[in-house]
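Below: coords.pdb (PDB, C-alpha atoms)
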```
ATOM      1  CA  MET A  55      37.376   7.366  44.933
ATOM      2  CA  ASN A  56      38.394   4.782  47.551
ATOM      3  CA  ALA A  57      38.143   5.773  51.204
ATOM      4  CA  PRO A  58      41.503   5.817  53.019
ATOM      5  CA  ARG A  59      42.281   2.614  54.892
ATOM      6  CA  THR A  60      42.082   2.833  58.662
ATOM      7  CA  ARG A  61      45.433   2.043  60.238
ATOM      8  CA  VAL A  62      45.133  -0.623  62.937
ATOM      9  CA  GLN A  63      46.820   0.295  66.210
ATOM     10  CA  ARG A  64      48.799  -2.822  67.118
ATOM     11  CA  ARG A  65      49.377  -3.927  70.710
ATOM     12  CA  PRO A  66      51.206  -6.661  72.611
ATOM     13  CA  VAL A  67      48.994  -9.762  72.666
ATOM     14  CA  HIS A  68      50.260 -13.023  74.177
ATOM     15  CA  GLY A  69      48.630 -16.435  73.973
ATOM     16  CA  VAL A  70      47.241 -19.181  71.744
ATOM     17  CA  LEU A  71      44.087 -18.951  69.664
ATOM     18  CA  LEU A  72      42.614 -22.291  68.599
ATOM     19  CA  LEU A  73      41.134 -21.457  65.226
ATOM     20  CA  ASP A  74      38.798 -23.651  63.202
ATOM     21  CA  LYS A  75      40.379 -22.815  59.846
ATOM     22  CA  PRO A  76      37.774 -22.331  57.126
ATOM     23  CA  LEU A  77      37.758 -23.886  53.693
ATOM     24  CA  GLY A  78      39.508 -21.892  50.986
ATOM     25  CA  LEU A  79      41.921 -19.842  53.101
ATOM     26  CA  SER A  80      45.598 -20.610  53.437
ATOM     27  CA  SER A  81      46.937 -20.940  56.976
ATOM     28  CA  ASN A  82      48.738 -17.622  56.572
ATOM     29  CA  GLN A  83      45.595 -15.840  55.335
ATOM     30  CA  ALA A  84      43.694 -17.147  58.362
ATOM     31  CA  LEU A  85      46.540 -16.059  60.647
ATOM     32  CA  GLN A  86      46.655 -12.537  59.205
ATOM     33  CA  LYS A  87      42.870 -12.159  59.600
ATOM     34  CA  ALA A  88      42.997 -13.254  63.258
ATOM     35  CA  LYS A  89      46.039 -11.040  63.872
ATOM     36  CA  TRP A  90      44.142  -8.053  62.468
ATOM     37  CA  LEU A  91      41.041  -8.806  64.579
ATOM     38  CA  LEU A  92      43.169  -9.022  67.748
ATOM     39  CA  ARG A  93      45.360  -6.031  66.736
ATOM     40  CA  ALA A  94      48.346  -8.185  67.666
ATOM     41  CA  GLU A  95      51.932  -7.097  67.078
ATOM     42  CA  LYS A  96      53.438 -10.544  66.530
ATOM     43  CA  ALA A  97      51.876 -13.812  65.381
ATOM     44  CA  GLY A  98      52.689 -17.216  63.888
ATOM     45  CA  HIS A  99      51.008 -20.568  63.294
ATOM     46  CA  THR A 100      52.028 -24.093  64.245
ATOM     47  CA  GLY A 101      52.219 -25.711  60.835
ATOM     48  CA  THR A 102      50.124 -25.254  57.724
ATOM     49  CA  LEU A 103      46.795 -26.628  56.609
ATOM     50  CA  ASP A 104      46.066 -26.640  52.872
ATOM     51  CA  PRO A 105      43.414 -24.187  51.627
ATOM     52  CA  LEU A 106      41.151 -27.200  50.953
ATOM     53  CA  ALA A 107      41.587 -28.413  54.558
ATOM     54  CA  THR A 108      39.640 -27.211  57.583
ATOM     55  CA  GLY A 109      39.976 -27.689  61.320
ATOM     56  CA  VAL A 110      42.287 -27.187  64.257
ATOM     57  CA  LEU A 111      44.944 -24.533  63.613
ATOM     58  CA  PRO A 112      46.645 -23.204  66.762
ATOM     59  CA  LEU A 113      47.724 -19.583  66.216
ATOM     60  CA  CYS A 114      50.426 -18.171  68.479
ATOM     61  CA  PHE A 115      50.688 -14.535  69.504
ATOM     62  CA  GLY A 116      53.506 -12.647  71.172
ATOM     63  CA  ALA A 117      55.439 -14.743  73.686
ATOM     64  CA  ALA A 118      53.621 -17.915  72.591
ATOM     65  CA  THR A 119      55.382 -17.810  69.190
ATOM     66  CA  LYS A 120      58.571 -18.920  70.970
ATOM     67  CA  PHE A 121      56.995 -22.313  71.659
ATOM     68  CA  SER A 122      55.151 -22.902  68.362
ATOM     69  CA  GLN A 123      57.725 -25.513  67.256
ATOM     70  CA  LEU A 124      56.370 -27.828  69.967
ATOM     71  CA  HIS A 125      53.135 -28.172  68.014
ATOM     72  CA  LEU A 126      54.835 -28.495  64.666
ATOM     73  CA  ASP A 127      56.147 -31.743  66.152
ATOM     74  CA  ALA A 128      52.820 -32.833  67.712
ATOM     75  CA  ASP A 129      50.799 -35.892  66.717
ATOM     76  CA  LYS A 130      47.617 -35.087  64.794
ATOM     77  CA  ILE A 131      44.235 -36.589  63.895
ATOM     78  CA  TYR A 132      42.568 -36.122  60.511
ATOM     79  CA  VAL A 133      39.261 -37.085  58.932
ATOM     80  CA  ALA A 134      39.339 -37.244  55.135
ATOM     81  CA  THR A 135      37.098 -38.264  52.255
ATOM     82  CA  ALA A 136      38.686 -39.915  49.231
ATOM     83  CA  ARG A 137      37.190 -40.555  45.829
ATOM     84  CA  LEU A 138      38.179 -43.905  44.355
ATOM     85  CA  GLY A 139      38.987 -44.497  40.705
ATOM     86  CA  VAL A 140      40.306 -41.010  39.946
ATOM     87  CA  LYS A 141      43.888 -39.840  40.395
ATOM     88  CA  THR A 142      44.806 -36.147  40.203
ATOM     89  CA  ALA A 143      48.081 -34.261  39.806
ATOM     90  CA  THR A 144      47.866 -32.857  43.337
ATOM     91  CA  ALA A 145      46.235 -35.877  45.075
ATOM     92  CA  ASP A 146      43.263 -33.650  45.931
ATOM     93  CA  ALA A 147      40.264 -32.089  44.188
ATOM     94  CA  GLU A 148      42.243 -29.022  43.048
ATOM     95  CA  GLY A 149      44.447 -30.935  40.604
ATOM     96  CA  GLU A 150      43.701 -32.001  37.059
ATOM     97  CA  VAL A 151      42.659 -35.605  36.513
ATOM     98  CA  ILE A 152      45.635 -37.674  35.318
ATOM     99  CA  ALA A 153      44.198 -41.209  35.471
ATOM    100  CA  GLU A 154      40.846 -42.999  35.820
ATOM    101  CA  ARG A 155      40.374 -46.676  36.616
ATOM    102  CA  PRO A 156      37.423 -48.940  37.451
ATOM    103  CA  VAL A 157      36.677 -49.566  41.127
ATOM    104  CA  HIS A 158      36.395 -53.129  42.404
ATOM    105  CA  VAL A 159      36.934 -52.941  46.159
ATOM    106  CA  THR A 160      35.755 -55.558  48.665
ATOM    107  CA  PRO A 161      35.529 -55.333  52.475
ATOM    108  CA  GLU A 162      38.515 -57.706  52.578
ATOM    109  CA  ASP A 163      40.491 -55.252  50.439
ATOM    110  CA  LEU A 164      39.743 -52.441  52.883
ATOM    111  CA  ALA A 165      40.813 -54.566  55.871
ATOM    112  CA  ARG A 166      44.051 -55.532  54.097
ATOM    113  CA  VAL A 167      44.928 -51.935  53.203
ATOM    114  CA  GLU A 168      44.009 -50.661  56.661
ATOM    115  CA  ALA A 169      46.485 -53.097  58.192
ATOM    116  CA  GLN A 170      49.100 -52.311  55.523
ATOM    117  CA  PHE A 171      49.118 -48.594  56.347
ATOM    118  CA  THR A 172      48.917 -48.848  60.147
ATOM    119  CA  GLY A 173      52.202 -48.476  62.019
ATOM    120  CA  PRO A 174      55.551 -47.194  60.725
ATOM    121  CA  ILE A 175      55.424 -46.457  56.975
ATOM    122  CA  ARG A 176      57.489 -44.554  54.418
ATOM    123  CA  GLN A 177      56.044 -41.692  52.394
ATOM    124  CA  VAL A 178      57.420 -39.767  49.453
ATOM    125  CA  PRO A 179      56.448 -36.101  50.068
ATOM    126  CA  PRO A 180      54.178 -34.709  47.318
ATOM    127  CA  MET A 181      55.460 -32.199  44.784
ATOM    128  CA  HIS A 182      52.556 -29.948  45.736
ATOM    129  CA  SER A 183      53.909 -29.211  49.220
ATOM    130  CA  ALA A 184      55.708 -26.413  51.060
ATOM    131  CA  LEU A 185      58.915 -28.431  51.448
ATOM    132  CA  LYS A 186      61.863 -26.524  50.021
ATOM    133  CA  LYS A 187      64.632 -27.375  47.579
ATOM    134  CA  ASP A 188      67.393 -24.770  47.154
ATOM    135  CA  GLY A 189      65.235 -22.202  48.985
ATOM    136  CA  LYS A 190      62.219 -22.737  46.707
ATOM    137  CA  ALA A 191      58.983 -24.524  47.674
ATOM    138  CA  LEU A 192      58.284 -27.782  45.841
ATOM    139  CA  TYR A 193      54.860 -26.538  44.743
ATOM    140  CA  GLU A 194      56.607 -23.720  42.841
ATOM    141  CA  TYR A 195      58.621 -26.287  40.876
ATOM    142  CA  ALA A 196      55.414 -28.286  40.321
ATOM    143  CA  ARG A 197      53.674 -25.242  38.827
ATOM    144  CA  GLU A 198      56.563 -24.928  36.374
ATOM    145  CA  GLY A 199      56.195 -28.581  35.406
ATOM    146  CA  ILE A 200      59.470 -29.550  37.081
ATOM    147  CA  GLU A 201      59.653 -32.824  39.021
ATOM    148  CA  ILE A 202      62.152 -32.860  41.915
ATOM    149  CA  GLU A 203      63.431 -36.126  43.369
ATOM    150  CA  ARG A 204      62.239 -36.480  46.979
ATOM    151  CA  ALA A 205      63.650 -38.825  49.588
ATOM    152  CA  PRO A 206      61.076 -41.034  51.374
ATOM    153  CA  ARG A 207      60.222 -40.059  54.949
ATOM    154  CA  ASP A 208      59.557 -42.325  57.903
ATOM    155  CA  VAL A 209      56.235 -41.536  59.591
ATOM    156  CA  VAL A 210      53.884 -43.431  61.899
ATOM    157  CA  ILE A 211      50.162 -44.047  61.449
ATOM    158  CA  TYR A 212      49.088 -44.814  65.019
ATOM    159  CA  ARG A 213      45.456 -45.606  64.224
ATOM    160  CA  LEU A 214      43.683 -45.897  60.875
ATOM    161  CA  SER A 215      40.044 -46.468  60.039
ATOM    162  CA  ILE A 216      38.904 -46.847  56.408
ATOM    163  CA  THR A 217      35.195 -47.200  55.668
ATOM    164  CA  ARG A 218      33.201 -47.185  52.435
ATOM    165  CA  THR A 219      30.585 -44.417  52.262
ATOM    166  CA  ASP A 220      29.388 -45.276  48.751
ATOM    167  CA  GLU A 221      30.639 -47.131  45.666
ATOM    168  CA  THR A 222      33.445 -44.678  44.941
ATOM    169  CA  ALA A 223      34.076 -42.912  48.253
ATOM    170  CA  LEU A 224      36.037 -43.714  51.408
ATOM    171  CA  ARG A 225      36.073 -42.113  54.821
ATOM    172  CA  ILE A 226      39.566 -42.153  56.307
ATOM    173  CA  VAL A 227      40.256 -41.370  59.973
ATOM    174  CA  ALA A 228      43.962 -41.284  60.801
ATOM    175  CA  SER A 229      45.962 -40.531  63.946
ATOM    176  CA  VAL A 230      49.475 -39.734  62.732
ATOM    177  CA  SER A 231      52.950 -38.566  63.657
ATOM    178  CA  LYS A 232      54.445 -35.261  62.577
ATOM    179  CA  GLY A 233      55.364 -34.966  58.913
ATOM    180  CA  THR A 234      52.575 -37.228  57.635
ATOM    181  CA  TYR A 235      50.917 -36.091  54.397
ATOM    182  CA  ILE A 236      47.275 -37.155  54.387
ATOM    183  CA  ARG A 237      46.917 -36.405  50.662
ATOM    184  CA  THR A 238      49.764 -38.838  50.020
ATOM    185  CA  LEU A 239      48.212 -41.384  52.391
ATOM    186  CA  GLY A 240      44.903 -41.185  50.507
ATOM    187  CA  GLU A 241      46.658 -41.526  47.162
ATOM    188  CA  ASP A 242      48.741 -44.480  48.382
ATOM    189  CA  ILE A 243      45.633 -46.202  49.767
ATOM    190  CA  GLY A 244      44.013 -45.796  46.348
ATOM    191  CA  GLU A 245      47.034 -47.361  44.651
ATOM    192  CA  ALA A 246      47.039 -50.265  47.117
ATOM    193  CA  LEU A 247      43.367 -50.859  46.262
ATOM    194  CA  GLY A 248      44.286 -50.960  42.584
ATOM    195  CA  CYS A 249      42.049 -48.113  41.429
ATOM    196  CA  GLY A 250      43.730 -44.880  42.513
ATOM    197  CA  ALA A 251      42.179 -42.122  44.635
ATOM    198  CA  HIS A 252      42.325 -38.462  45.542
ATOM    199  CA  LEU A 253      41.092 -36.513  48.553
ATOM    200  CA  THR A 254      37.876 -34.530  48.196
ATOM    201  CA  SER A 255      37.844 -33.206  51.766
ATOM    202  CA  LEU A 256      40.238 -33.013  54.705
ATOM    203  CA  ARG A 257      39.698 -31.894  58.291
ATOM    204  CA  ARG A 258      42.166 -31.820  61.180
ATOM    205  CA  THR A 259      40.250 -32.670  64.335
ATOM    206  CA  ALA A 260      43.136 -32.586  66.827
ATOM    207  CA  THR A 261      46.757 -31.550  67.181
ATOM    208  CA  GLY A 262      48.714 -32.316  70.336
ATOM    209  CA  GLY A 263      46.255 -31.917  73.199
ATOM    210  CA  PHE A 264      43.995 -29.483  71.311
ATOM    211  CA  GLY A 265      40.694 -30.609  69.752
ATOM    212  CA  GLU A 266      38.092 -29.128  67.432
ATOM    213  CA  ALA A 267      35.583 -28.583  70.273
ATOM    214  CA  GLN A 268      37.934 -25.929  71.712
ATOM    215  CA  CYS A 269      38.172 -23.961  68.483
ATOM    216  CA  VAL A 270      36.564 -20.694  67.413
ATOM    217  CA  THR A 271      35.730 -19.733  63.830
ATOM    218  CA  LEU A 272      36.807 -16.504  62.145
ATOM    219  CA  GLU A 273      33.138 -15.576  61.725
ATOM    220  CA  ALA A 274      32.499 -15.962  65.459
ATOM    221  CA  LEU A 275      35.660 -14.013  66.283
ATOM    222  CA  GLU A 276      34.603 -11.216  63.941
ATOM    223  CA  ALA A 277      31.225 -10.929  65.656
ATOM    224  CA  MET A 278      32.819 -10.533  69.114
ATOM    225  CA  GLY A 279      33.807  -7.380  70.938
ATOM    226  CA  GLU A 280      37.475  -6.748  71.584
ATOM    227  CA  GLU A 281      37.571  -8.067  75.149
ATOM    228  CA  GLU A 282      35.648 -11.182  74.177
ATOM    229  CA  ARG A 283      38.190 -11.861  71.426
ATOM    230  CA  LEU A 284      41.051 -11.596  73.898
ATOM    231  CA  ALA A 285      39.193 -13.946  76.230
ATOM    232  CA  GLN A 286      39.441 -16.679  73.552
ATOM    233  CA  LEU A 287      43.222 -16.841  73.999
ATOM    234  CA  LEU A 288      44.788 -19.664  75.958
ATOM    235  CA  PRO A 289      47.963 -18.772  77.887
ATOM    236  CA  ALA A 290      51.343 -19.435  76.270
ATOM    237  CA  GLU A 291      52.001 -22.239  78.761
ATOM    238  CA  SER A 292      49.127 -24.254  77.228
ATOM    239  CA  LEU A 293      51.703 -25.220  74.580
ATOM    240  CA  VAL A 294      53.748 -27.024  77.246
ATOM    241  CA  ASP A 295      50.911 -28.717  79.152
ATOM    242  CA  GLY A 296      52.568 -32.111  78.758
ATOM    243  CA  HIS A 297      55.834 -30.992  80.367
ATOM    244  CA  SER A 298      56.785 -31.562  84.000
ATOM    245  CA  ARG A 299      56.796 -28.322  86.001
ATOM    246  CA  VAL A 300      59.634 -26.696  87.922
ATOM    247  CA  MET A 301      58.833 -23.863  90.346
ATOM    248  CA  LEU A 302      61.407 -21.205  91.173
ATOM    249  CA  GLY A 303      61.528 -18.586  93.918
ATOM    250  CA  ASN A 304      62.095 -14.914  93.117
ATOM    251  CA  GLU A 305      65.897 -14.898  93.171
ATOM    252  CA  ASP A 306      66.278 -18.101  91.157
ATOM    253  CA  ALA A 307      63.575 -16.977  88.713
ATOM    254  CA  ALA A 308      65.390 -13.700  88.007
ATOM    255  CA  ARG A 309      68.705 -15.475  87.446
ATOM    256  CA  PHE A 310      67.057 -18.148  85.285
ATOM    257  CA  LEU A 311      65.472 -15.450  83.081
ATOM    258  CA  SER A 312      68.906 -13.916  82.555
ATOM    259  CA  GLY A 313      70.051 -17.263  81.117
ATOM    260  CA  LEU A 314      71.851 -18.647  84.173
ATOM    261  CA  ARG A 315      71.660 -22.316  85.135
ATOM    262  CA  ARG A 316      70.161 -23.173  88.509
ATOM    263  CA  ARG A 317      71.020 -26.128  90.741
ATOM    264  CA  GLY A 318      68.464 -28.174  92.638
ATOM    265  CA  SER A 319      67.305 -31.670  93.493
ATOM    266  CA  TRP A 320      65.557 -32.220  90.160
ATOM    267  CA  ALA A 321      65.636 -35.454  88.194
ATOM    268  CA  ASP A 322      67.059 -35.408  84.682
ATOM    269  CA  ALA A 323      64.486 -34.394  82.055
ATOM    270  CA  ASP A 324      64.660 -33.564  78.343
ATOM    271  CA  GLU A 325      62.232 -30.681  78.691
ATOM    272  CA  VAL A 326      60.373 -29.004  81.554
ATOM    273  CA  ALA A 327      58.132 -25.960  81.929
ATOM    274  CA  VAL A 328      59.500 -23.423  84.408
ATOM    275  CA  PHE A 329      57.347 -21.105  86.515
ATOM    276  CA  GLY A 330      58.009 -18.361  89.024
ATOM    277  CA  ILE A 331      56.219 -18.702  92.355
ATOM    278  CA  GLU A 332      55.540 -15.046  93.207
ATOM    279  CA  PRO A 333      53.858 -13.734  91.223
ATOM    280  CA  PRO A 334      52.811 -16.993  89.548
ATOM    281  CA  ALA A 335      54.199 -16.679  86.019
ATOM    282  CA  PHE A 336      55.364 -18.882  83.162
ATOM    283  CA  LEU A 337      59.065 -18.239  82.537
ATOM    284  CA  GLY A 338      59.909 -20.638  79.715
ATOM    285  CA  THR A 339      61.321 -24.089  79.061
ATOM    286  CA  ALA A 340      64.502 -25.837  80.158
ATOM    287  CA  HIS A 341      66.099 -29.250  80.416
ATOM    288  CA  ILE A 342      67.666 -30.838  83.491
ATOM    289  CA  THR A 343      71.004 -32.616  83.509
ATOM    290  CA  ALA A 344      72.871 -33.679  86.679
ATOM    291  CA  ASN A 345      70.619 -31.534  88.911
ATOM    292  CA  GLU A 346      71.164 -28.451  86.747
ATOM    293  CA  LEU A 347      68.223 -26.547  85.273
ATOM    294  CA  ILE A 348      69.483 -25.345  81.883
ATOM    295  CA  PRO A 349      67.432 -22.571  80.207
ATOM    296  CA  GLY A 350      65.849 -23.216  76.812
ATOM    297  CA  ARG A 351      63.317 -20.809  75.304
ATOM    298  CA  LEU A 352      62.549 -17.976  77.713
ATOM    299  CA  LEU A 353      60.052 -15.170  78.020
ATOM    300  CA  ASN A 354      61.586 -11.778  78.655
ATOM    301  CA  PRO A 355      60.649  -9.643  81.688
ATOM    302  CA  ILE A 356      58.608  -7.206  79.569
ATOM    303  CA  GLU A 357      56.494 -10.042  78.133
ATOM    304  CA  ILE A 358      55.898 -11.432  81.622
ATOM    305  CA  GLN A 359      54.829  -7.992  82.903
ATOM    306  CA  GLN A 360      52.438  -7.549  79.958
ATOM    307  CA  ILE A 361      50.897 -10.996  80.528
ATOM    308  CA  LEU A 362      50.409 -10.331  84.250
ATOM    309  CA  LEU A 363      48.932  -6.886  83.529
ATOM    310  CA  ASN A 364      46.527  -8.306  80.936
ATOM    311  CA  ALA A 365      45.440 -10.981  83.426
ATOM    312  CA  GLN A 366      44.760  -8.330  86.080
ATOM    313  CA  GLN A 367      42.732  -6.238  83.612
ATOM    314  CA  THR A 368      40.719  -9.289  82.554
ATOM    315  CA  GLU A 369      39.929 -10.143  86.179
ATOM    316  CA  ALA A 370      38.864  -6.541  86.794
ATOM    317  CA  THR A 371      36.514  -6.502  83.805
ATOM    318  CA  PRO A 372      32.930  -7.161  84.985
TER     319      PRO A 372
END
```
Would you write the structure of this file as structure tokens?
Amino acid sequence: MNAPRTRVQRRPVHGVLLLDKPLGLSSNQALQKAKWLLRAEKAGHTGTLDPLATGVLPLCFGAATKFSQLHLDADKIYVATARLGVKTATADAEGEVIAERPVHVTPEDLARVEAQFTGPIRQVPPMHSALKKDGKALYEYAREGIEIERAPRDVVIYRLSITRTDETALRIVASVSKGTYIRTLGEDIGEALGCGAHLTSLRRTATGGFGEAQCVTLEALEAMGEEERLAQLLPAESLVDGHSRVMLGNEDAARFLSGLRRRGSWADADEVAVFGIEPPAFLGTAHITANELIPGRLLNPIEIQQILLNAQQTEATP
């Protein structure tokens, strides 16, 4: 007879956990595990990594979920390994082999292809992706053997390094814009080399301003005590580190949080991070037009109180 499951008592948790996603778990499985370990009420991630991919996966909790879109749009860096001469249905090691060709690749070929795929390029999204058509993910159609026409996307490969590690393997390091599919990049590189290729490993080493050295693994998180787990969280405002800051006094802060525009001597800006002065607190984002601070995504007063209380408790913990 199975023992009854212990019900986890959820609590308000606010912040960003930089997780080193393990091999074999989906992004959502990793999120749910971390959410359970933190006993968090609300959580979301900032874009998916395939189960076969590892690396930097920012997880947002509580108030931080309001700003997760900012990292969906962030530039990213990946390190991948591709096997030459073998093409698969999914462009990675999970798919069945659909073509095999001999490999005759010279250093000049690698230099040519590296230049060809650096800069603005167009990609056709893979069928095995989470993109949706009529409310259904493309990978669901793919599993049914249905091919859906996909429009090419414009993406940017800022930096690309392709090196040979052995006769049939490449190491690919790519710094890319949002929306870039590294599996597709690896497959396209293989086609440009005339032999085909598929990815055998993929690791995200950075997204936005976050890097792999800042990350914690699920195993390490599991081994920690509760307070130590909470201490791994970065504040919600870490998601807006690149924004200019606007500071508001008490009266303006209260009005801003209620959704009212504020006037001041600020220069126009597409997006700014707004803070209250006393007590020091992150209030949300806004944009500035003609000296008006126009609210965007805002924390609510209860979230701000919980964040300040948690900070006080953390400081009081010896």
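Take the PyMOL selection byres ((chain A and resi 92) around 8) and apply it to this file: it picks Val67, Ala88, Lys89, Trp90, Leu91, Arg93, Ala94, Glu280, Arg283 and Leu284 of chain A.
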I'd like the contact shell of region 227-240 of chain A - 9 Å cut-off, all atoms listed in the file, skipping same-chain residues fewer than 2 positions apart - returned as a PDB file with C-alpha atoms, keeping the file's coordinate frame.
```pdb
ATOM      1  CA  LEU A 126      54.835 -28.495  64.666  1.00  0.00           C
ATOM      2  CA  ASP A 127      56.147 -31.743  66.152  1.00  0.00           C
ATOM      3  CA  ALA A 128      52.820 -32.833  67.712  1.00  0.00           C
ATOM      4  CA  ASP A 129      50.799 -35.892  66.717  1.00  0.00           C
ATOM      5  CA  LYS A 130      47.617 -35.087  64.794  1.00  0.00           C
ATOM      6  CA  ILE A 131      44.235 -36.589  63.895  1.00  0.00           C
ATOM      7  CA  TYR A 132      42.568 -36.122  60.511  1.00  0.00           C
ATOM      8  CA  VAL A 133      39.261 -37.085  58.932  1.00  0.00           C
ATOM      9  CA  ALA A 134      39.339 -37.244  55.135  1.00  0.00           C
ATOM     10  CA  THR A 135      37.098 -38.264  52.255  1.00  0.00           C
ATOM     11  CA  ALA A 136      38.686 -39.915  49.231  1.00  0.00           C
ATOM     12  CA  THR A 144      47.866 -32.857  43.337  1.00  0.00           C
ATOM     13  CA  ALA A 145      46.235 -35.877  45.075  1.00  0.00           C
ATOM     14  CA  ASP A 146      43.263 -33.650  45.931  1.00  0.00           C
ATOM     15  CA  PHE A 171      49.118 -48.594  56.347  1.00  0.00           C
ATOM     16  CA  GLN A 177      56.044 -41.692  52.394  1.00  0.00           C
ATOM     17  CA  VAL A 178      57.420 -39.767  49.453  1.00  0.00           C
ATOM     18  CA  PRO A 179      56.448 -36.101  50.068  1.00  0.00           C
ATOM     19  CA  PRO A 180      54.178 -34.709  47.318  1.00  0.00           C
ATOM     20  CA  ARG A 207      60.222 -40.059  54.949  1.00  0.00           C
ATOM     21  CA  ASP A 208      59.557 -42.325  57.903  1.00  0.00           C
ATOM     22  CA  VAL A 209      56.235 -41.536  59.591  1.00  0.00           C
ATOM     23  CA  VAL A 210      53.884 -43.431  61.899  1.00  0.00           C
ATOM     24  CA  ILE A 211      50.162 -44.047  61.449  1.00  0.00           C
ATOM     25  CA  TYR A 212      49.088 -44.814  65.019  1.00  0.00           C
ATOM     26  CA  ARG A 213      45.456 -45.606  64.224  1.00  0.00           C
ATOM     27  CA  LEU A 214      43.683 -45.897  60.875  1.00  0.00           C
ATOM     28  CA  SER A 215      40.044 -46.468  60.039  1.00  0.00           C
ATOM     29  CA  ILE A 216      38.904 -46.847  56.408  1.00  0.00           C
ATOM     30  CA  THR A 217      35.195 -47.200  55.668  1.00  0.00           C
ATOM     31  CA  ARG A 225      36.073 -42.113  54.821  1.00  0.00           C
ATOM     32  CA  ASP A 242      48.741 -44.480  48.382  1.00  0.00           C
ATOM     33  CA  ILE A 243      45.633 -46.202  49.767  1.00  0.00           C
ATOM     34  CA  GLY A 244      44.013 -45.796  46.348  1.00  0.00           C
ATOM     35  CA  GLU A 245      47.034 -47.361  44.651  1.00  0.00           C
ATOM     36  CA  GLY A 250      43.730 -44.880  42.513  1.00  0.00           C
ATOM     37  CA  ALA A 251      42.179 -42.122  44.635  1.00  0.00           C
ATOM     38  CA  HIS A 252      42.325 -38.462  45.542  1.00  0.00           C
ATOM     39  CA  LEU A 253      41.092 -36.513  48.553  1.00  0.00           C
ATOM     40  CA  LEU A 256      40.238 -33.013  54.705  1.00  0.00           C
ATOM     41  CA  ALA A 260      43.136 -32.586  66.827  1.00  0.00           C
TER      42      ALA A 260
END
```
Problem set entry | CA of His99 (chain A) to CA of Leu73 (chain A), straight-line distance in Å |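 Straight-line distance from CA of Leu73 (chain A) to CA of His99 (chain A) works out to 10.1 Å.
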Problem set entry | Residues selected by the PyMOL selection byres ((chain A and resi 148) around 12), written as JSON, numbers by chain | {"A": [78, 104, 105, 106, 107, 141, 142, 143, 144, 145, 146, 147, 149, 150, 151, 182, 237, 252, 253, 254, 255]}
Exercise. Rounded to one decimal in Å, what is the spacing between CA of Glu357 (chain A) and CA of Ser81 (chain A)?
Worked result: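 Atom-to-atom, CA of Glu357 (chain A) to CA of Ser81 (chain A), that is 25.6 Å.
Using all atoms listed in the file, the nearest neighbour of Leu224 (chain A) within the list A:Leu302, A:Ala323, A:Ile356, A:Val157 is A:Val157.
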For this session: Please measure the separation of CA of Phe336 (chain A) and CA of Ile358 (chain A), giving the value in Å to one decimal.
Result: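 We find that CA of Phe336 (chain A) and CA of Ile358 (chain A) lie 7.6 Å from each other.
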For this session: Please provide as a PyMOL selection string all residues within 12 Å of Thr271 (chain A), with the sequence filter that same-chain residues fewer than 2 positions apart are discarded (counting only C-alpha atoms).
Result: chain A and resi 71-77+84-85+87-88+108-112+266-269+273-278+283+286
Limited to C-alpha atoms, could you put the picked residues into a file as a CSV table (one decimal), in the frame of the given file?
```
chain,number,residue,atom,x,y,z
A,71,LEU,CA,44.1,-19.0,69.7
A,72,LEU,CA,42.6,-22.3,68.6
A,73,LEU,CA,41.1,-21.5,65.2
A,74,ASP,CA,38.8,-23.7,63.2
A,75,LYS,CA,40.4,-22.8,59.8
A,76,PRO,CA,37.8,-22.3,57.1
A,77,LEU,CA,37.8,-23.9,53.7
A,84,ALA,CA,43.7,-17.1,58.4
A,85,LEU,CA,46.5,-16.1,60.6
A,87,LYS,CA,42.9,-12.2,59.6
A,88,ALA,CA,43.0,-13.3,63.3
A,108,THR,CA,39.6,-27.2,57.6
A,109,GLY,CA,40.0,-27.7,61.3
A,110,VAL,CA,42.3,-27.2,64.3
A,111,LEU,CA,44.9,-24.5,63.6
A,112,PRO,CA,46.6,-23.2,66.8
A,266,GLU,CA,38.1,-29.1,67.4
A,267,ALA,CA,35.6,-28.6,70.3
A,268,GLN,CA,37.9,-25.9,71.7
A,269,CYS,CA,38.2,-24.0,68.5
A,273,GLU,CA,33.1,-15.6,61.7
A,274,ALA,CA,32.5,-16.0,65.5
A,275,LEU,CA,35.7,-14.0,66.3
A,276,GLU,CA,34.6,-11.2,63.9
A,277,ALA,CA,31.2,-10.9,65.7
A,278,MET,CA,32.8,-10.5,69.1
A,283,ARG,CA,38.2,-11.9,71.4
A,286,GLN,CA,39.4,-16.7,73.6
```
Exercise. Of the candidates A:Gly279, A:Asn304, A:Leu138, A:Val70, which shows the shortest atom-to-atom distance to Asp220 (chain A), using only C-alpha atoms?
Worked result: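 That would be A:Leu138, the residue with the smallest distance to Asp220 (chain A).
When the PyMOL selection byres ((chain A and resi 68) around 6) is evaluated on the file shown here, the picked residues come out as Val67, Gly69, Phe115, Gly116 and Ala117 of chain A.
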